[in-house]
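Trainee: First the structure, which I've put down as structure tokens, then a few questions once you've had a look.
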Amino acid sequence: MPATDHLTPNRMDPPPVAAPTALRRRRRLQLVIRYALLTLGAFFILFPLYMAIVNSLLQPSQIAHQPPPSFPLHPQWGSYSKAWTQGDLDVYLRNSAIQTSIIVFGQMVTSVLAAYAFAFLEFPFKRILFFVFLMTLMIPFEVTIATNLSTVSSLGWFNTFPGLTVPFLATGFGTFLMRQAFLQIPRDLREAAQLDGYGHLRFLWSVAIPLARPALAALGVFSFLGAWNQYLWPLLVTGNNNSVRTVQIGLKQLINTQLDQINVSLAGTVIAVVPLLILLVVFQKQLVRSLTSGAVK
Amino acid sequence: MSAGVSRRHKEWGLAYLLLLPALVIFGVFTFFPFLKNFKLALYQNPPFPGLPAHYVGLHQVGTVLSSTEFHQSLVSTLFFVAMVVPVGLLGGLLLALAAHRAIRGMSVFRTIFSSTVVSSVAVAAVVFGTLMDPVVGLLPWLGINPHPAILQNPTWALPAVSLIAVWQFLGLSFIIMTAGLQSLPEEILEAARLDGAGTWTMFWRVTVPLLSPTLFFGLVVGTIYAFQSFGQIDILIGPQNSQFTHTNVLLYYVYQALSIQNDPGVAAVLSIVLFTIMLVFTVLQLRFLERRVTYAGN
């Protein structure tokens with residue numbers, strides 16, 4: 001039996017009890033190497049974040065110390081309260097929460113409605129309209145900013161939540177994701193519901209959406225990630241005051257302050273990343289599902 | 001009969017009503033501004049604000065496309081993409097291979113490896129900006145101390161910014177590669193193993209060929225991601241160092257023309273160029289989605 005097989009205990013039968021010692025030793029060595037590689041990978045990924053946390057808990061004078069301290073022996077939590085109040089992180093986080101909620105909710109609503117039409121209704125120009133939705137995926141938002149900026153300004157939306165969010169209230173990708181999910185629902189179910197006197201909207205609300213919940217969750221997590229991490233558009237449409245400035249732009253603001261505030265910038269960064277780490281841990285499955293759409297059949 | 005027709009008409013009305021919200025948003029904020037680029041590109045902005053832009057035909061397009069600034073920007077963009085995508089994909093593949101077997105504690109490693117997918121560009125820029133700082137960073141300790149400092153250095157600024165983008169892309173790359181590995185047909189791998197294929201042969205002759213659709217998907221997604229990178233450069237290099245044309249990737253150039261030079265005409269020309277280059281990749285991405293669409297439709 002080839003030596004690599006032992007590493008899949010859930011797939012393979014347990015190795016024979018009387019396996020030669022040399023083989024067993026070789027397997028153990030391979031396992032150790034594997035863990036060493038995994039740890040090395042984890043180190044590379046986590047190191048920058050770890051250093052950010054360490055430095056956020058140090059005095060600015062300690063950060064400049066060489067070699068850099070690798071552990072905060074006397075953590076200075078003051079940088080966090082400074083980032084929160086003086087750095088206006090409280091305002092930025094609130095703004096980001098509002099902006100993100102509007103976009104996530106809006107994308108879910110418009111995607112579900114459009115996807116229902118494509119999945120369950122017959123109407124003229126259906127194919128053409130579907131193609132129009134497809135085409136939006138070929139036009140990256142970045143190439144529309146010149147005109148969108150002037151559109152938003154002429155609507156009086158510069159430096160407002162509508163200006164930040166309305167351009168993103170529909171998504172071709174989200175519509176596909178939901179259409180896919182709706183197409184999995186058996187046609188008989190629609191017919192049975194029809195016989196029971198369900199109209200389309202009631203069927204959508206009480207049958208289709210509950211059945212498509214996994215896809216809807218995937219879309220929600222995907223939209224959240226995209227909206228929370230937006231950078232270019234909030235930079236363009238938020239003005240010089242804090243009224244709607246999001247946390248990403250707030251971080252840029254923080255880093256542009258003095259060097260002796262570097263622990264405060266890093267504390268702000270740690271605060272800004274926490275909501276997303278929670279998102280990752282809680283909704284990993286949904287996130288993976290949305291990110292790999294199209295990767296595998 | 002007539003009841004059937006009116007019911008069908010009612011269904012049409014409902015369908016259009018359901019599509020309307022998305023169509024309005026797409027119309028106003030996607031298709032209109034996209035098409036408007038082609039008009040803006042033909043109008044030159046006056047040197048003084050307040051005067052109307054005047055029609056110059058293709059003159060402005062020619063001026064922009066033949067400028068050294070544009071050529072420099074194109075080279076920087078391609079360099080950035082060529083750094084970020086292969087390194088990010090290879091890193092993601094290695095992590096995915098290491099994390100593929102079900103052994104104790106693997107879910108923790110998987111969460112860690114996926115984690116950079118949630119990091120925003122601003123977070124990554126601030127964190128790496130500190131590490132690369134000439135005073136408080138790690139580089140002086142490591143004995144790497146270029147003058148001028150790494151992020152102000154015409155030679156090193158772009159590779160440094162690419163490194164940040166690689167780190168950020170690793171999470172997504174890992175997720176894509178893991179999904180690909182999990183979808184590989186177990187029987188074929190098993191057969192190859194029973195035929196006595198070694199680890200190396202397995203990898204190059206079996207895994208990589210079977211994984212090629214995933215690698216290709218990763219290439220497409222990664223390239224689109226790289227072309228859209230902007231925040232790292234804005235935060236760490238910024239317009240204050242704009243004399244360093246070396247980091248002026250296309251998207252930053254668009255932003256600079258629009259927001260700093262207040263010149264929508266030039267921004268429109270550059271947007272069209274960016275769109276055209278990305279079109280190859282967005283179309284390919286669409287084909288991946290479409291394949292799933294047909295698959296579900298049947």
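Just remember, in the structure tokens the first chain shown is A, the second B, etc., residues are 1-based per chain, and ligands are 1-based in the order shown.
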Please report, as CSV, each residue of chain A lying at most 6 Å from chain B, together with the nearest pair of atoms and the separation in Å rounded to one decimal; use only C-alpha atoms, and order rows by chain and ascending residue number.

Mentor:
```
residue,atom,partner,partner_atom,distance
A:Thr8,CA,B:Ala102,CA,5.8
A:Ala52,CA,B:Val127,CA,5.9
A:Ile63,CA,B:Val136,CA,5.8
A:Ala64,CA,B:Val136,CA,4.2
A:Pro67,CA,B:Trp141,CA,5.7
A:Thr110,CA,B:Ala22,CA,5.6
A:Leu113,CA,B:Leu18,CA,5.0
A:Ala114,CA,B:Leu19,CA,4.6
A:Ala117,CA,B:Ala15,CA,5.0
A:Phe123,CA,B:Trp12,CA,5.0
A:Met138,CA,B:Thr282,CA,5.2
A:Val143,CA,B:Ser271,CA,4.7
A:Thr144,CA,B:Pro33,CA,5.2
A:Ala146,CA,B:Pro264,CA,5.8
A:Thr147,CA,B:Pro33,CA,5.0
A:Pro167,CA,B:Phe29,CA,5.5
A:Ala170,CA,B:Ala22,CA,5.0
A:Asn229,CA,B:Ser120,CA,5.0
A:Gln248,CA,B:Ala122,CA,5.6
A:Thr269,CA,B:Val123,CA,5.6
A:Leu276,CA,B:Val118,CA,5.9
A:Thr292,CA,B:Ile176,CA,5.9
A:Gly294,CA,B:Leu289,CA,4.9
A:Ala295,CA,B:Thr214,CA,5.8
```

Trainee: Using only C-alpha atoms, can you tell me which of A:Leu279, A:Leu287, A:Val247, A:Leu266 comes closest to Tyr92 in chain A?

Mentor: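 So, comparing all the options, the nearest one is A:Val247.
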
Trainee: Write down as a PyMOL selection string the residues belonging to range 71-274 of chain B that are assigned helix (DSSP H, G or I) by DSSP computed on the backbone.

Mentor: chain B and resi 71-98+106-118+121-131+139-142+150-152+157-182+186-194+199-227+231-236+239-241+245-247+250-260+264-274

Trainee: Take CA of Thr247 in chain B and CA of Leu74 in chain B and report the distance between them in Å, one decimal.

Mentor: 10.2 Å

Trainee: Using only C-alpha atoms, which of the listed residues (B:Gly57, B:Val166, B:Ala157, B:Trp204) sits closest to Ala226 in chain B?

Mentor: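 Closest residue, counting only C-alpha atoms: B:Val166.
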
Trainee: Tell me, in Å to one decimal, how far CA of Glu186 in chain B is from CA of Phe174 in chain B.

Mentor: 20.0 Å

Trainee: Pick out the residues sitting within 9 Å of Thr246 in chain A, and hand them over as a ChimeraX atom specification; count only C-alpha atoms, and ignore anything fewer than 3 positions along from it in its own chain.

Mentor: /A:91-97,99,228,230-231,234-235,238,242,249-251

Trainee: Those same residues - C-alpha atoms - I'd like them written as a PDB file, in the first residue's frame.

Mentor:
```pdb
ATOM      1  CA  VAL A  91     -18.862  57.212  13.872  1.00  0.00           C
ATOM      2  CA  TYR A  92     -17.130  55.369  11.009  1.00  0.00           C
ATOM      3  CA  LEU A  93     -18.338  51.983  12.207  1.00  0.00           C
ATOM      4  CA  ARG A  94     -21.888  53.241  12.519  1.00  0.00           C
ATOM      5  CA  ASN A  95     -21.704  54.690   9.003  1.00  0.00           C
ATOM      6  CA  SER A  96     -20.298  51.443   7.608  1.00  0.00           C
ATOM      7  CA  ALA A  97     -23.020  49.468   9.369  1.00  0.00           C
ATOM      8  CA  GLN A  99     -24.136  51.642   4.339  1.00  0.00           C
ATOM      9  CA  TRP A 228     -18.070  46.639   3.982  1.00  0.00           C
ATOM     10  CA  GLN A 230     -15.609  49.052  -0.574  1.00  0.00           C
ATOM     11  CA  TYR A 231     -12.895  51.626  -0.979  1.00  0.00           C
ATOM     12  CA  PRO A 234     -16.735  55.812  -0.723  1.00  0.00           C
ATOM     13  CA  LEU A 235     -13.478  57.700  -1.277  1.00  0.00           C
ATOM     14  CA  THR A 238     -17.769  61.135   0.819  1.00  0.00           C
ATOM     15  CA  ASN A 242     -17.472  62.527   9.054  1.00  0.00           C
ATOM     16  CA  ILE A 249     -11.831  55.748   4.467  1.00  0.00           C
ATOM     17  CA  GLY A 250     -11.591  56.443   8.182  1.00  0.00           C
ATOM     18  CA  LEU A 251      -8.556  54.148   8.351  1.00  0.00           C
TER      19      LEU A 251
END
```

Trainee: Could you work out how far CA of Tyr116 in chain A lies from CA of Leu204 in chain A, giving the answer in Å with one decimal?

Mentor: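 It comes out at 7.4 Å.
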
Trainee: Would you kindly return, as a VMD selection string, each protein, DNA or RNA residue with an atom no farther than 9 Å from any atom of Val206 in chain B, considering only C-alpha atoms and excluding same-chain residues fewer than 3 positions away?

Mentor: chain B and resid 188 to 189 192 201 to 203 209 to 211

Trainee: Which of these residues is nearest to Leu137 in chain A, using only C-alpha atoms: A:Leu23, A:Phe176, A:His65, A:Ser111?

Mentor: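 Counting only C-alpha atoms, the residue closest to Leu137 in chain A is A:Phe176.
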
Trainee: Which polymer residues have any atom within 12 Å of an atom of Ala215 in chain A, counting only C-alpha atoms, with same-chain residues fewer than 6 positions away left out, as a compact mmCIF listing (two decimals) with N, CA and C atoms, in the first residue's frame?

Mentor:
```
# COMPACT_ATOMS: atom_id res chain seq x y z
N MET A 108 -30.38 41.85 -1.88
CA MET A 108 -31.19 40.64 -1.68
C MET A 108 -32.58 40.83 -2.30
N SER A 111 -32.44 41.10 -6.23
CA SER A 111 -32.03 39.83 -6.82
C SER A 111 -33.14 38.79 -6.74
N VAL A 112 -33.79 38.71 -5.58
CA VAL A 112 -34.85 37.73 -5.40
C VAL A 112 -35.99 38.02 -6.37
N ALA A 115 -34.83 37.31 -9.97
CA ALA A 115 -34.58 35.88 -10.15
C ALA A 115 -35.89 35.11 -10.23
N PHE A 173 -24.75 39.19 -10.53
CA PHE A 173 -24.27 37.95 -9.91
C PHE A 173 -25.29 37.41 -8.91
N GLY A 174 -25.83 38.30 -8.06
CA GLY A 174 -26.83 37.88 -7.07
C GLY A 174 -28.07 37.32 -7.73
N THR A 175 -28.47 37.94 -8.84
CA THR A 175 -29.65 37.46 -9.55
C THR A 175 -29.42 36.04 -10.07
N PHE A 176 -28.20 35.77 -10.59
CA PHE A 176 -27.89 34.41 -11.05
C PHE A 176 -27.95 33.41 -9.93
N LEU A 177 -27.33 33.80 -8.84
CA LEU A 177 -27.26 32.90 -7.69
C LEU A 177 -28.66 32.50 -7.25
N MET A 178 -29.56 33.48 -7.18
CA MET A 178 -30.93 33.21 -6.73
C MET A 178 -31.72 32.45 -7.80
N ARG A 179 -31.47 32.79 -9.05
CA ARG A 179 -32.18 32.08 -10.13
C ARG A 179 -31.82 30.59 -10.10
N GLN A 180 -30.52 30.34 -9.91
CA GLN A 180 -30.05 28.95 -9.78
C GLN A 180 -30.83 28.22 -8.71
N ALA A 181 -30.94 28.86 -7.56
CA ALA A 181 -31.60 28.23 -6.42
C ALA A 181 -33.07 28.00 -6.72
N PHE A 182 -33.71 28.98 -7.35
CA PHE A 182 -35.14 28.84 -7.66
C PHE A 182 -35.39 27.74 -8.69
N LEU A 183 -34.42 27.55 -9.60
CA LEU A 183 -34.61 26.52 -10.63
C LEU A 183 -34.54 25.11 -10.04
N GLN A 184 -33.96 24.99 -8.85
CA GLN A 184 -33.90 23.68 -8.20
C GLN A 184 -35.25 23.28 -7.60
N ALA A 208 -40.85 29.69 -2.08
CA ALA A 208 -39.58 29.79 -2.81
C ALA A 208 -38.45 30.34 -1.94
N ILE A 209 -38.70 31.44 -1.23
CA ILE A 209 -37.62 32.02 -0.42
C ILE A 209 -37.17 31.07 0.69
N VAL A 221 -23.94 37.13 2.64
CA VAL A 221 -22.57 37.20 3.14
C VAL A 221 -21.65 37.82 2.09
N PHE A 222 -21.86 37.42 0.84
CA PHE A 222 -21.06 37.95 -0.26
C PHE A 222 -21.25 39.47 -0.39
N LYS A 285 -19.12 28.72 5.49
CA LYS A 285 -19.71 27.85 4.47
C LYS A 285 -20.39 28.67 3.37
N GLN A 286 -21.19 29.66 3.80
CA GLN A 286 -21.90 30.50 2.84
C GLN A 286 -20.92 31.31 1.99
N LEU A 287 -19.87 31.79 2.66
CA LEU A 287 -18.88 32.61 1.96
C LEU A 287 -18.19 31.78 0.87
N VAL A 288 -17.78 30.58 1.25
CA VAL A 288 -17.11 29.71 0.29
C VAL A 288 -18.04 29.40 -0.87
N ARG A 289 -19.29 29.14 -0.55
CA ARG A 289 -20.27 28.83 -1.59
C ARG A 289 -20.39 29.94 -2.62
N SER A 290 -20.47 31.20 -2.12
CA SER A 290 -20.64 32.30 -3.07
C SER A 290 -19.36 32.59 -3.84
N LEU A 291 -18.22 32.42 -3.17
CA LEU A 291 -16.95 32.77 -3.84
C LEU A 291 -16.56 31.74 -4.88
N SER A 293 -18.73 30.04 -6.83
CA SER A 293 -19.74 29.87 -7.88
C SER A 293 -19.03 29.90 -9.22
```

Trainee: Going by DSSP on the backbone, which residues of range 41-267 of chain B come out as strand (DSSP E)? List them as number ranges by chain.

Mentor: B: 43-44, 54-55
